[in-house]
file data34.tsv (TSV, C-alpha atoms and all ligand atoms)
chain	number	residue	atom	x	y	z
A	1	MET	CA	27.52	-161.87	237.95
A	2	LYS	CA	27.83	-158.68	235.87
A	3	HIS	CA	28.38	-160.22	232.43
A	4	LEU	CA	28.44	-163.73	230.91
A	5	LEU	CA	31.33	-163.74	228.44
A	6	SER	CA	33.18	-167.06	228.59
A	7	MET	CA	32.93	-170.45	230.30
A	8	CYS	CA	36.56	-169.90	231.41
A	9	ASP	CA	35.49	-167.34	234.00
A	10	LEU	CA	32.25	-168.97	235.16
A	11	PRO	CA	32.78	-170.68	238.56
A	12	LYS	CA	31.34	-174.18	239.06
A	13	ASP	CA	28.87	-172.85	241.65
A	14	ASP	CA	27.45	-170.41	239.10
A	15	ILE	CA	27.20	-173.18	236.48
A	16	TYR	CA	25.19	-175.36	238.88
A	17	ALA	CA	23.03	-172.41	239.96
A	18	ILE	CA	22.16	-171.69	236.30
A	19	LEU	CA	21.38	-175.36	235.59
A	20	ASP	CA	19.13	-175.52	238.68
A	21	MET	CA	17.31	-172.34	237.63
A	22	ALA	CA	16.85	-173.73	234.11
A	23	GLU	CA	15.30	-176.86	235.64
A	24	SER	CA	13.00	-174.73	237.76
A	25	PHE	CA	11.86	-172.81	234.65
A	26	GLN	CA	11.30	-176.08	232.81
A	27	LYS	CA	9.07	-177.25	235.70
A	28	GLY	CA	6.92	-174.16	235.13
A	29	ASN	CA	8.14	-171.99	237.99
A	30	GLY	CA	8.29	-168.28	237.22
A	31	TRP	CA	10.47	-165.32	238.13
A	32	SER	CA	9.74	-161.65	237.55
A	33	PRO	CA	12.52	-159.27	236.55
A	34	PRO	CA	12.55	-155.71	237.88
A	35	LYS	CA	9.82	-153.65	236.17
A	36	ALA	CA	10.67	-152.05	232.81
A	37	THR	CA	13.84	-154.05	232.13
A	38	PHE	CA	14.92	-153.72	228.51
A	39	ALA	CA	16.97	-156.22	226.48
A	40	VAL	CA	18.46	-155.91	223.00
A	41	ASN	CA	19.95	-158.63	220.80
A	42	LEU	CA	22.84	-157.51	218.57
A	43	PHE	CA	23.72	-160.22	216.06
A	44	PHE	CA	26.57	-159.36	213.68
A	45	GLU	CA	26.75	-162.98	212.45
A	46	PRO	CA	23.87	-165.19	211.25
A	47	SER	CA	21.89	-167.15	213.85
A	48	THR	CA	18.63	-169.08	214.02
A	49	ARG	CA	18.68	-170.92	217.38
A	50	THR	CA	20.55	-168.52	219.64
A	51	ARG	CA	18.82	-165.36	218.50
A	52	THR	CA	15.28	-166.72	218.55
A	53	SER	CA	15.72	-168.61	221.82
A	54	PHE	CA	17.12	-165.50	223.52
A	55	GLU	CA	14.12	-163.55	222.28
A	56	VAL	CA	11.66	-166.22	223.48
A	57	ALA	CA	13.50	-166.42	226.85
A	58	GLU	CA	13.38	-162.63	227.25
A	59	ARG	CA	9.66	-162.50	226.42
A	60	LYS	CA	8.81	-165.44	228.71
A	61	LEU	CA	10.48	-163.57	231.58
A	62	GLY	CA	8.51	-160.43	230.76
A	63	LEU	CA	11.48	-158.34	229.59
A	64	ASP	CA	10.88	-155.60	227.04
A	65	VAL	CA	12.77	-156.59	223.89
A	66	VAL	CA	14.02	-153.70	221.79
A	67	PRO	CA	14.14	-154.64	218.08
A	68	PHE	CA	17.60	-154.00	216.58
A	69	GLU	CA	18.80	-154.91	213.08
A	70	THR	CA	22.58	-154.61	212.89
A	71	ALA	CA	22.33	-154.28	209.09
A	72	HIS	CA	20.22	-151.11	209.49
A	73	SER	CA	22.06	-149.56	212.43
A	74	SER	CA	24.42	-146.58	212.63
A	75	ILE	CA	27.34	-149.02	212.82
A	76	LEU	CA	27.16	-148.78	209.02
A	77	LYS	CA	27.88	-145.03	209.42
A	78	GLY	CA	31.06	-145.72	211.40
A	79	GLU	CA	29.74	-145.90	214.97
A	80	THR	CA	31.82	-148.28	217.10
A	81	LEU	CA	30.40	-151.23	219.03
A	82	GLU	CA	31.28	-149.48	222.30
A	83	ASP	CA	29.45	-146.30	221.27
A	84	THR	CA	26.50	-148.38	220.08
A	85	ILE	CA	26.21	-150.04	223.50
A	86	LYS	CA	26.66	-146.72	225.34
A	87	THR	CA	23.91	-145.26	223.14
A	88	LEU	CA	21.57	-148.16	223.96
A	89	GLU	CA	22.41	-147.75	227.66
A	90	ALA	CA	21.60	-144.03	227.51
A	91	ILE	CA	18.25	-144.87	225.96
A	92	GLY	CA	17.49	-147.28	228.81
A	93	VAL	CA	18.65	-150.77	227.74
A	94	ASP	CA	19.76	-153.00	230.64
A	95	VAL	CA	20.94	-156.23	228.94
A	96	VAL	CA	22.79	-156.55	225.64
A	97	VAL	CA	23.18	-159.95	223.97
A	98	ILE	CA	25.95	-159.89	221.34
A	99	ARG	CA	27.18	-162.24	218.62
A	100	HIS	CA	30.26	-160.93	216.81
A	101	LYS	CA	32.81	-162.35	214.38
A	102	GLU	CA	35.78	-160.90	216.29
A	103	GLU	CA	37.20	-163.24	218.93
A	104	ARG	CA	37.18	-161.69	222.45
A	105	TYR	CA	35.40	-158.52	221.18
A	106	TYR	CA	34.08	-158.18	224.73
A	107	GLU	CA	37.49	-157.50	226.32
A	108	ALA	CA	37.37	-153.89	225.14
A	109	LEU	CA	33.84	-153.43	226.48
A	110	LYS	CA	33.43	-155.30	229.74
A	111	ASP	CA	34.85	-152.60	232.05
A	112	ARG	CA	33.62	-149.66	229.99
A	113	VAL	CA	29.87	-150.20	229.78
A	114	ASN	CA	27.21	-150.33	232.49
A	115	ALA	CA	24.78	-152.60	230.61
A	116	LYS	CA	25.02	-156.32	231.33
A	117	LEU	CA	26.61	-158.18	228.42
A	118	ILE	CA	25.88	-161.74	227.36
A	119	ASN	CA	28.21	-163.23	224.76
A	120	ALA	CA	26.16	-165.15	222.17
A	121	GLY	CA	29.32	-166.24	220.31
A	122	ASP	CA	32.63	-164.51	219.46
A	123	GLY	CA	34.31	-165.76	216.28
A	124	CYS	CA	36.16	-169.01	217.05
A	125	GLY	CA	36.26	-168.09	220.76
A	126	GLN	CA	33.42	-168.92	223.16
A	127	HIS	CA	29.67	-169.63	223.13
A	128	PRO	CA	28.80	-169.83	226.84
A	129	THR	CA	25.02	-170.15	226.58
A	130	GLN	CA	25.36	-173.03	224.08
A	131	SER	CA	27.71	-174.72	226.52
A	132	LEU	CA	25.26	-174.22	229.41
A	133	LEU	CA	22.36	-175.69	227.42
A	134	ASP	CA	24.58	-178.63	226.46
A	135	LEU	CA	25.49	-179.16	230.12
A	136	TYR	CA	21.82	-178.97	231.05
A	137	THR	CA	20.95	-181.58	228.41
A	138	ILE	CA	23.75	-183.91	229.58
A	139	ARG	CA	22.77	-183.56	233.25
A	140	GLN	CA	19.12	-184.21	232.35
A	141	GLU	CA	20.20	-187.45	230.68
A	142	PHE	CA	22.87	-188.79	233.05
A	143	GLY	CA	22.21	-186.93	236.34
A	144	GLY	CA	25.75	-185.46	236.44
A	145	PHE	CA	29.10	-185.26	234.65
A	146	SER	CA	31.67	-187.13	236.69
A	147	GLY	CA	33.30	-189.99	234.77
A	148	LEU	CA	31.25	-189.52	231.59
A	149	ASN	CA	33.13	-189.99	228.32
A	150	ILE	CA	32.26	-187.20	225.90
A	151	THR	CA	33.74	-187.04	222.41
A	152	ILE	CA	33.53	-183.84	220.36
A	153	ILE	CA	34.00	-184.56	216.65
A	154	GLY	CA	34.64	-182.31	213.65
A	155	ASP	CA	35.89	-178.79	212.98
A	156	LEU	CA	37.31	-178.28	216.46
A	157	SER	CA	39.70	-175.39	215.90
A	158	HIS	CA	37.00	-173.12	214.46
A	159	SER	CA	34.37	-174.11	217.02
A	160	ARG	CA	33.48	-171.88	219.96
A	161	VAL	CA	31.14	-174.67	221.10
A	162	ALA	CA	34.05	-177.14	221.34
A	163	LYS	CA	36.17	-174.67	223.29
A	164	SER	CA	33.42	-173.65	225.75
A	165	ASN	CA	32.35	-177.26	226.33
A	166	SER	CA	35.84	-178.62	226.65
A	167	GLU	CA	36.61	-176.11	229.42
A	168	ALA	CA	33.35	-176.63	231.31
A	169	LEU	CA	33.02	-180.41	230.97
A	170	SER	CA	36.59	-181.03	232.14
A	171	ALA	CA	36.03	-178.74	235.14
A	172	LEU	CA	32.90	-180.72	236.03
A	173	GLY	CA	34.70	-184.07	235.97
A	174	ALA	CA	33.88	-185.50	232.52
A	175	ASN	CA	36.53	-187.13	230.32
A	176	VAL	CA	36.61	-185.08	227.12
A	177	PHE	CA	37.94	-186.65	223.92
A	178	TYR	CA	38.25	-185.19	220.43
A	179	SER	CA	38.14	-186.61	216.94
A	180	GLY	CA	38.11	-185.42	213.33
A	181	PRO	CA	40.62	-184.20	210.75
A	182	ARG	CA	44.05	-183.58	212.29
A	183	GLU	CA	44.38	-180.11	210.73
A	184	TRP	CA	41.44	-178.92	212.88
A	185	PHE	CA	42.73	-180.15	216.22
A	186	PHE	CA	43.29	-177.62	219.00
A	187	GLY	CA	45.17	-177.76	222.27
A	188	ASP	CA	47.31	-180.75	223.15
A	189	ALA	CA	46.86	-183.98	221.23
A	190	GLU	CA	46.70	-186.54	224.03
A	191	ASN	CA	42.91	-186.82	224.09
A	192	TYR	CA	42.47	-187.31	220.33
A	193	ILE	CA	40.92	-190.64	219.41
A	194	ASP	CA	39.82	-192.41	216.26
A	195	ILE	CA	36.10	-191.96	215.49
A	196	ASP	CA	35.51	-195.72	215.48
A	197	HIS	CA	37.02	-196.02	218.96
A	198	ALA	CA	34.87	-193.02	220.04
A	199	MET	CA	31.73	-195.00	219.15
A	200	GLU	CA	32.68	-197.73	221.62
A	201	ILE	CA	33.61	-195.63	224.64
A	202	SER	CA	31.49	-192.45	224.46
A	203	ASP	CA	28.41	-191.69	226.52
A	204	VAL	CA	27.95	-188.54	224.45
A	205	VAL	CA	28.92	-188.18	220.79
A	206	MET	CA	28.86	-184.47	219.99
A	207	LEU	CA	29.12	-183.59	216.29
A	208	LEU	CA	30.15	-180.22	214.84
A	209	ARG	CA	29.54	-178.85	211.38
A	210	ILE	CA	32.42	-177.71	209.15
A	211	GLN	CA	32.56	-173.91	209.49
A	212	HIS	CA	33.38	-173.14	205.86
A	213	GLU	CA	32.89	-169.42	206.49
A	214	ARG	CA	35.94	-169.41	208.80
A	215	HIS	CA	38.22	-171.42	206.48
A	216	GLU	CA	40.81	-169.75	204.28
A	217	ASN	CA	41.03	-172.68	201.86
A	218	THR	CA	38.28	-174.94	200.61
A	219	SER	CA	38.25	-178.44	202.11
A	220	ARG	CA	40.42	-181.12	200.49
A	221	LEU	CA	37.51	-183.56	200.91
A	222	THR	CA	34.09	-183.80	199.28
A	223	ALA	CA	31.06	-183.94	201.61
A	224	GLU	CA	30.74	-187.69	200.89
A	225	GLU	CA	34.42	-188.34	201.68
A	226	TYR	CA	34.19	-186.32	204.91
A	227	HIS	CA	31.09	-188.26	205.96
A	228	GLU	CA	32.80	-191.62	205.42
A	229	LEU	CA	36.02	-190.65	207.19
A	230	TYR	CA	34.87	-188.44	210.06
A	231	GLY	CA	31.06	-188.39	210.12
A	232	LEU	CA	28.50	-190.26	212.22
A	233	THR	CA	27.37	-192.76	209.59
A	234	LEU	CA	24.46	-195.19	209.99
A	235	LYS	CA	27.02	-197.98	210.45
A	236	ARG	CA	28.93	-196.16	213.18
A	237	GLU	CA	25.75	-195.32	215.12
A	238	LYS	CA	25.05	-199.06	215.41
A	239	ARG	CA	28.33	-199.45	217.32
A	240	MET	CA	27.57	-196.72	219.86
A	241	LYS	CA	27.41	-197.71	223.55
A	242	LYS	CA	24.06	-198.72	225.02
A	243	GLY	CA	22.39	-195.63	226.52
A	244	SER	CA	24.71	-193.20	224.75
A	245	ILE	CA	23.35	-190.07	223.08
A	246	ILE	CA	24.03	-187.89	220.04
A	247	MET	CA	24.30	-184.10	220.38
A	248	HIS	CA	24.93	-181.30	217.88
A	249	PRO	CA	24.71	-177.53	218.51
A	250	GLY	CA	23.23	-176.94	215.05
A	251	PRO	CA	22.94	-175.89	212.35
A	252	VAL	CA	23.24	-179.46	211.05
A	253	ASN	CA	24.59	-180.30	207.61
A	254	ARG	CA	22.81	-183.59	207.01
A	255	ASP	CA	24.90	-186.38	205.48
A	256	VAL	CA	28.14	-184.50	206.11
A	257	GLU	CA	28.99	-184.64	209.86
A	258	ILE	CA	25.91	-186.81	210.62
A	259	ALA	CA	23.74	-189.12	208.53
A	260	GLY	CA	20.49	-187.28	207.84
A	261	ARG	CA	18.35	-190.09	209.29
A	262	LEU	CA	20.18	-189.93	212.64
A	263	VAL	CA	19.12	-186.34	213.34
A	264	GLU	CA	15.73	-187.58	214.57
A	265	CYS	CA	16.80	-191.05	215.81
A	266	ASN	CA	16.17	-192.33	219.38
A	267	ARG	CA	19.67	-191.43	220.54
A	268	SER	CA	19.51	-187.88	219.19
A	269	ARG	CA	19.01	-185.02	221.63
A	270	ILE	CA	19.48	-182.35	218.97
A	271	PHE	CA	15.96	-180.87	219.17
A	272	ARG	CA	15.89	-181.29	222.94
A	273	GLN	CA	19.06	-179.15	223.07
A	274	MET	CA	17.13	-176.40	221.25
A	275	GLN	CA	14.19	-176.64	223.70
A	276	ASN	CA	16.60	-176.56	226.63
A	277	GLY	CA	18.22	-173.45	225.15
A	278	VAL	CA	15.16	-171.41	226.11
A	279	TYR	CA	15.16	-172.55	229.79
A	280	THR	CA	18.91	-172.11	230.04
A	281	ARG	CA	18.84	-168.60	228.56
A	282	MET	CA	15.99	-167.67	230.92
A	283	ALA	CA	18.24	-168.83	233.76
A	284	VAL	CA	21.23	-166.82	232.49
A	285	LEU	CA	19.08	-163.68	232.19
A	286	ARG	CA	17.76	-164.20	235.73
A	287	LYS	CA	21.26	-164.80	237.14
A	288	ILE	CA	22.55	-161.65	235.50
A	289	LEU	CA	19.58	-159.47	236.51
A	290	GLU	CA	19.10	-160.71	240.09
A	291	LYS	CA	20.54	-158.48	242.77
B	1	LIG	N1	24.03	-173.34	217.92
B	1	LIG	C1	23.97	-172.10	217.43
B	1	LIG	O1	24.68	-171.18	217.90
B	1	LIG	O2	23.09	-171.95	216.39
B	1	LIG	P1	22.76	-170.60	215.64
B	1	LIG	O3	24.02	-170.18	214.90
B	1	LIG	O4	21.61	-170.88	214.74
B	1	LIG	O5	22.44	-169.56	216.68
call {"tool": "encode", "arguments": {"input": "data34.tsv", "output": "structure tokens"}}
result
Amino acid sequence: MKHLLSMCDLPKDDIYAILDMAESFQKGNGWSPPKATFAVNLFFEPSTRTRTSFEVAERKLGLDVVPFETAHSSILKGETLEDTIKTLEAIGVDVVVIRHKEERYYEALKDRVNAKLINAGDGCGQHPTQSLLDLYTIRQEFGGFSGLNITIIGDLSHSRVAKSNSEALSALGANVFYSGPREWFFGDAENYIDIDHAMEISDVVMLLRIQHERHENTSRLTAEEYHELYGLTLKREKRMKKGSIIMHPGPVNRDVEIAGRLVECNRSRIFRQMQNGVYTRMAVLRKILEK
């Protein structure tokens, strides 16, 4: 595997290999990368979870992490992303993790750079490592994917998490449903269900925040109205299936897409997802660096 750019081009065998490696890291097994392997994290959009968990994963593996602040780089002097990566390569960087607001920014780079690229989110496109950590969390809970009902709820059309997960979960045999405001639907409408129906049939209820930064117009609804119509309220949680779980990629907007008190409830796996992000990113780095 040269790069990890999208769940659309990650074969099932590679997905399972990454999940197995993540499990091995979680059990405390180690792996040593080739000596003097350098990684850099280029984040052109804000991030708390992805950036810090990549850095922790890199350090746990013993990679040398090169500090890089996009806001203080020569990109501000007109250097292109491609020239930035070629510069880092020339200096000795082996792995470049990138988050960028432009969808599919990596298409122009993937055959033109020698460094290994990991997409940490491209606009409304893909977020493959979030999807892998979500898959890891679901497998940890249910042992597999086949026949599970998973409903993704919220700002679907702007969500790279929804797109990456929808692709991967369907390929692995889960039944993926969607819910939320109709204007944010993507793809074909046959798997759209009412949120109250979702509570009754779903093994996994996956909430998404409203990505205001990607909206051209402000929402027609207040936060309270959105919560009542499309959010996981305290009342709705009571109607969830026995054994079902709540997931959310974060950041969470409490009392909008999910009642604040449910973030830490027994069904919630939100903080476990974050812990699993470190093991999963260690596994991705190993997969990409192993000969
Ligand atoms: N889930 C996720 O991508 O979170 P951050 O934006 O904080 O990295």
call {"tool": "residues_around", "arguments": {"input": "data34.tsv", "residues": "A:Ala17", "least_positions_apart": "4", "cutoff": "12 Å", "atoms": "all atoms listed in the file", "output": "PyMOL selection string"}}
result
chain A and resi 1+10-13+21-24+132+136+280+283-284+286-288
call {"tool": "residues_near_ligand", "arguments": {"input": "data34.tsv", "ligand": "ligand LIG 1 (chain B)", "cutoff": "6 Å", "atoms": "all atoms listed in the file", "output": "PyMOL selection string"}}
result
chain A and resi 47-51+249-251
call {"tool": "residues_around", "arguments": {"input": "data34.tsv", "residues": "stretch 88-95 of chain A", "least_positions_apart": "6", "cutoff": "8 Å", "atoms": "only C-alpha atoms", "output": "PDB file with C-alpha atoms, keeping the file's coordinate frame"}}
result
ATOM      1  CA  THR A  37      13.840-154.050 232.130  1.00  0.00           C
ATOM      2  CA  PHE A  38      14.920-153.720 228.510  1.00  0.00           C
ATOM      3  CA  ALA A  39      16.970-156.220 226.480  1.00  0.00           C
ATOM      4  CA  VAL A  40      18.460-155.910 223.000  1.00  0.00           C
ATOM      5  CA  ASN A 114      27.210-150.330 232.490  1.00  0.00           C
ATOM      6  CA  ALA A 115      24.780-152.600 230.610  1.00  0.00           C
ATOM      7  CA  LYS A 116      25.020-156.320 231.330  1.00  0.00           C
ATOM      8  CA  LEU A 117      26.610-158.180 228.420  1.00  0.00           C
ATOM      9  CA  ILE A 118      25.880-161.740 227.360  1.00  0.00           C
TER      10      ILE A 118
END
call {"tool": "residues_around", "arguments": {"input": "data34.tsv", "residues": "stretch 204-215 of chain A", "least_positions_apart": "6", "cutoff": "8 Å", "atoms": "all atoms listed in the file", "output": "PDB file with C-alpha atoms, in the frame of the given file"}}
result
ATOM      1  CA  LEU A 148      31.250-189.520 231.590  1.00  0.00           C
ATOM      2  CA  ASN A 149      33.130-189.990 228.320  1.00  0.00           C
ATOM      3  CA  ILE A 150      32.260-187.200 225.900  1.00  0.00           C
ATOM      4  CA  THR A 151      33.740-187.040 222.410  1.00  0.00           C
ATOM      5  CA  ILE A 152      33.530-183.840 220.360  1.00  0.00           C
ATOM      6  CA  ILE A 153      34.000-184.560 216.650  1.00  0.00           C
ATOM      7  CA  GLY A 154      34.640-182.310 213.650  1.00  0.00           C
ATOM      8  CA  ASP A 155      35.890-178.790 212.980  1.00  0.00           C
ATOM      9  CA  LEU A 156      37.310-178.280 216.460  1.00  0.00           C
ATOM     10  CA  HIS A 158      37.000-173.120 214.460  1.00  0.00           C
ATOM     11  CA  SER A 159      34.370-174.110 217.020  1.00  0.00           C
ATOM     12  CA  ALA A 198      34.870-193.020 220.040  1.00  0.00           C
ATOM     13  CA  LEU A 232      28.500-190.260 212.220  1.00  0.00           C
ATOM     14  CA  SER A 244      24.710-193.200 224.750  1.00  0.00           C
ATOM     15  CA  ILE A 245      23.350-190.070 223.080  1.00  0.00           C
ATOM     16  CA  ILE A 246      24.030-187.890 220.040  1.00  0.00           C
ATOM     17  CA  MET A 247      24.300-184.100 220.380  1.00  0.00           C
ATOM     18  CA  HIS A 248      24.930-181.300 217.880  1.00  0.00           C
ATOM     19  CA  PRO A 249      24.710-177.530 218.510  1.00  0.00           C
ATOM     20  CA  GLY A 250      23.230-176.940 215.050  1.00  0.00           C
ATOM     21  CA  PRO A 251      22.940-175.890 212.350  1.00  0.00           C
ATOM     22  CA  VAL A 252      23.240-179.460 211.050  1.00  0.00           C
ATOM     23  CA  ASN A 253      24.590-180.300 207.610  1.00  0.00           C
ATOM     24  CA  VAL A 256      28.140-184.500 206.110  1.00  0.00           C
ATOM     25  CA  GLU A 257      28.990-184.640 209.860  1.00  0.00           C
ATOM     26  CA  ILE A 258      25.910-186.810 210.620  1.00  0.00           C
TER      27      ILE A 258
END
call {"tool": "atom_distance", "arguments": {"input": "data34.tsv", "atom1": "atom CA of A:Phe185", "atom2": "atom CA of A:Ile138"}}
result
23.5 Å
call {"tool": "closest_residue", "arguments": {"input": "data34.tsv", "among": "A:His197, A:Gln275, A:Gly144, A:Gly123", "to": "A:Phe25", "atoms": "all atoms listed in the file"}}
result
A:Gln275
call {"tool": "closest_residue", "arguments": {"input": "data34.tsv", "among": "A:Asp111, A:Glu225, A:Glu141, A:Glu167", "to": "A:Ser268", "atoms": "only C-alpha atoms"}}
result
A:Glu141
call {"tool": "atom_distance", "arguments": {"input": "data34.tsv", "atom1": "atom CA of A:Gln273", "atom2": "atom CA of A:Thr52"}}
result
13.8 Å
call {"tool": "atom_distance", "arguments": {"input": "data34.tsv", "atom1": "atom CA of A:Tyr279", "atom2": "atom CA of A:Leu133"}}
result
8.2 Å
call {"tool": "closest_residue", "arguments": {"input": "data34.tsv", "among": "A:Leu234, A:Ala71, A:Met199, A:Cys8", "to": "A:Arg261", "atoms": "only C-alpha atoms"}}
result
A:Leu234
call {"tool": "decode", "arguments": {"input": "data34.tsv", "residues": "stretch 161-232 of chain A", "atoms": "C-alpha atoms", "output": "tab-separated table (two decimals), in the first residue's frame"}}
result
chain	number	residue	atom	x	y	z
A	161	VAL	CA	-17.09	10.42	7.74
A	162	ALA	CA	-20.53	9.46	6.37
A	163	LYS	CA	-19.13	8.89	2.89
A	164	SER	CA	-16.12	6.82	4.01
A	165	ASN	CA	-18.22	4.73	6.41
A	166	SER	CA	-21.07	4.19	4.01
A	167	GLU	CA	-18.67	2.77	1.40
A	168	ALA	CA	-16.76	0.55	3.83
A	169	LEU	CA	-19.67	-0.72	5.94
A	170	SER	CA	-21.72	-1.71	2.89
A	171	ALA	CA	-18.71	-3.55	1.43
A	172	LEU	CA	-18.33	-5.45	4.72
A	173	GLY	CA	-21.96	-6.60	4.77
A	174	ALA	CA	-23.68	-4.12	7.12
A	175	ASN	CA	-27.05	-2.55	6.28
A	176	VAL	CA	-26.44	1.21	6.20
A	177	PHE	CA	-29.35	3.59	6.73
A	178	TYR	CA	-29.41	7.39	6.81
A	179	SER	CA	-31.52	9.97	8.57
A	180	GLY	CA	-31.65	13.73	9.10
A	181	PRO	CA	-32.81	16.80	7.17
A	182	ARG	CA	-33.69	15.96	3.57
A	183	GLU	CA	-31.60	18.83	2.15
A	184	TRP	CA	-28.44	17.10	3.44
A	185	PHE	CA	-29.10	13.67	1.95
A	186	PHE	CA	-26.57	12.23	-0.48
A	187	GLY	CA	-26.71	9.37	-2.95
A	188	ASP	CA	-29.95	7.55	-3.62
A	189	ALA	CA	-32.84	7.94	-1.20
A	190	GLU	CA	-33.92	4.33	-0.70
A	191	ASN	CA	-32.09	3.82	2.59
A	192	TYR	CA	-33.37	6.99	4.27
A	193	ILE	CA	-35.45	6.33	7.38
A	194	ASP	CA	-37.20	8.38	10.02
A	195	ILE	CA	-35.08	8.92	13.17
A	196	ASP	CA	-37.73	7.34	15.40
A	197	HIS	CA	-37.73	4.19	13.25
A	198	ALA	CA	-33.89	4.24	13.37
A	199	MET	CA	-34.03	3.96	17.17
A	200	GLU	CA	-35.95	0.69	16.91
A	201	ILE	CA	-33.89	-1.12	14.29
A	202	SER	CA	-30.30	0.15	14.65
A	203	ASP	CA	-27.42	-1.69	16.29
A	204	VAL	CA	-25.32	1.44	15.83
A	205	VAL	CA	-26.65	4.99	15.91
A	206	MET	CA	-23.93	7.23	14.48
A	207	LEU	CA	-24.49	10.97	14.94
A	208	LEU	CA	-22.82	13.76	12.94
A	209	ARG	CA	-22.46	17.40	13.83
A	210	ILE	CA	-23.77	20.16	11.53
A	211	GLN	CA	-20.74	21.41	9.57
A	212	HIS	CA	-21.67	25.09	9.59
A	213	GLU	CA	-18.28	26.00	8.10
A	214	ARG	CA	-19.21	24.18	4.87
A	215	HIS	CA	-22.72	25.68	4.55
A	216	GLU	CA	-23.45	28.59	2.25
A	217	ASN	CA	-26.60	29.61	4.12
A	218	THR	CA	-27.29	29.57	7.83
A	219	SER	CA	-29.58	26.78	9.03
A	220	ARG	CA	-33.35	27.36	8.91
A	221	LEU	CA	-33.59	25.72	12.35
A	222	THR	CA	-32.43	26.79	15.81
A	223	ALA	CA	-30.22	24.35	17.74
A	224	GLU	CA	-33.22	23.44	19.94
A	225	GLU	CA	-35.47	22.79	16.92
A	226	TYR	CA	-32.79	20.66	15.25
A	227	HIS	CA	-32.34	18.63	18.43
A	228	GLU	CA	-36.07	17.91	18.71
A	229	LEU	CA	-36.49	16.99	15.04
A	230	TYR	CA	-33.27	15.18	14.15
A	231	GLY	CA	-31.17	14.80	17.32
A	232	LEU	CA	-30.64	11.89	19.71
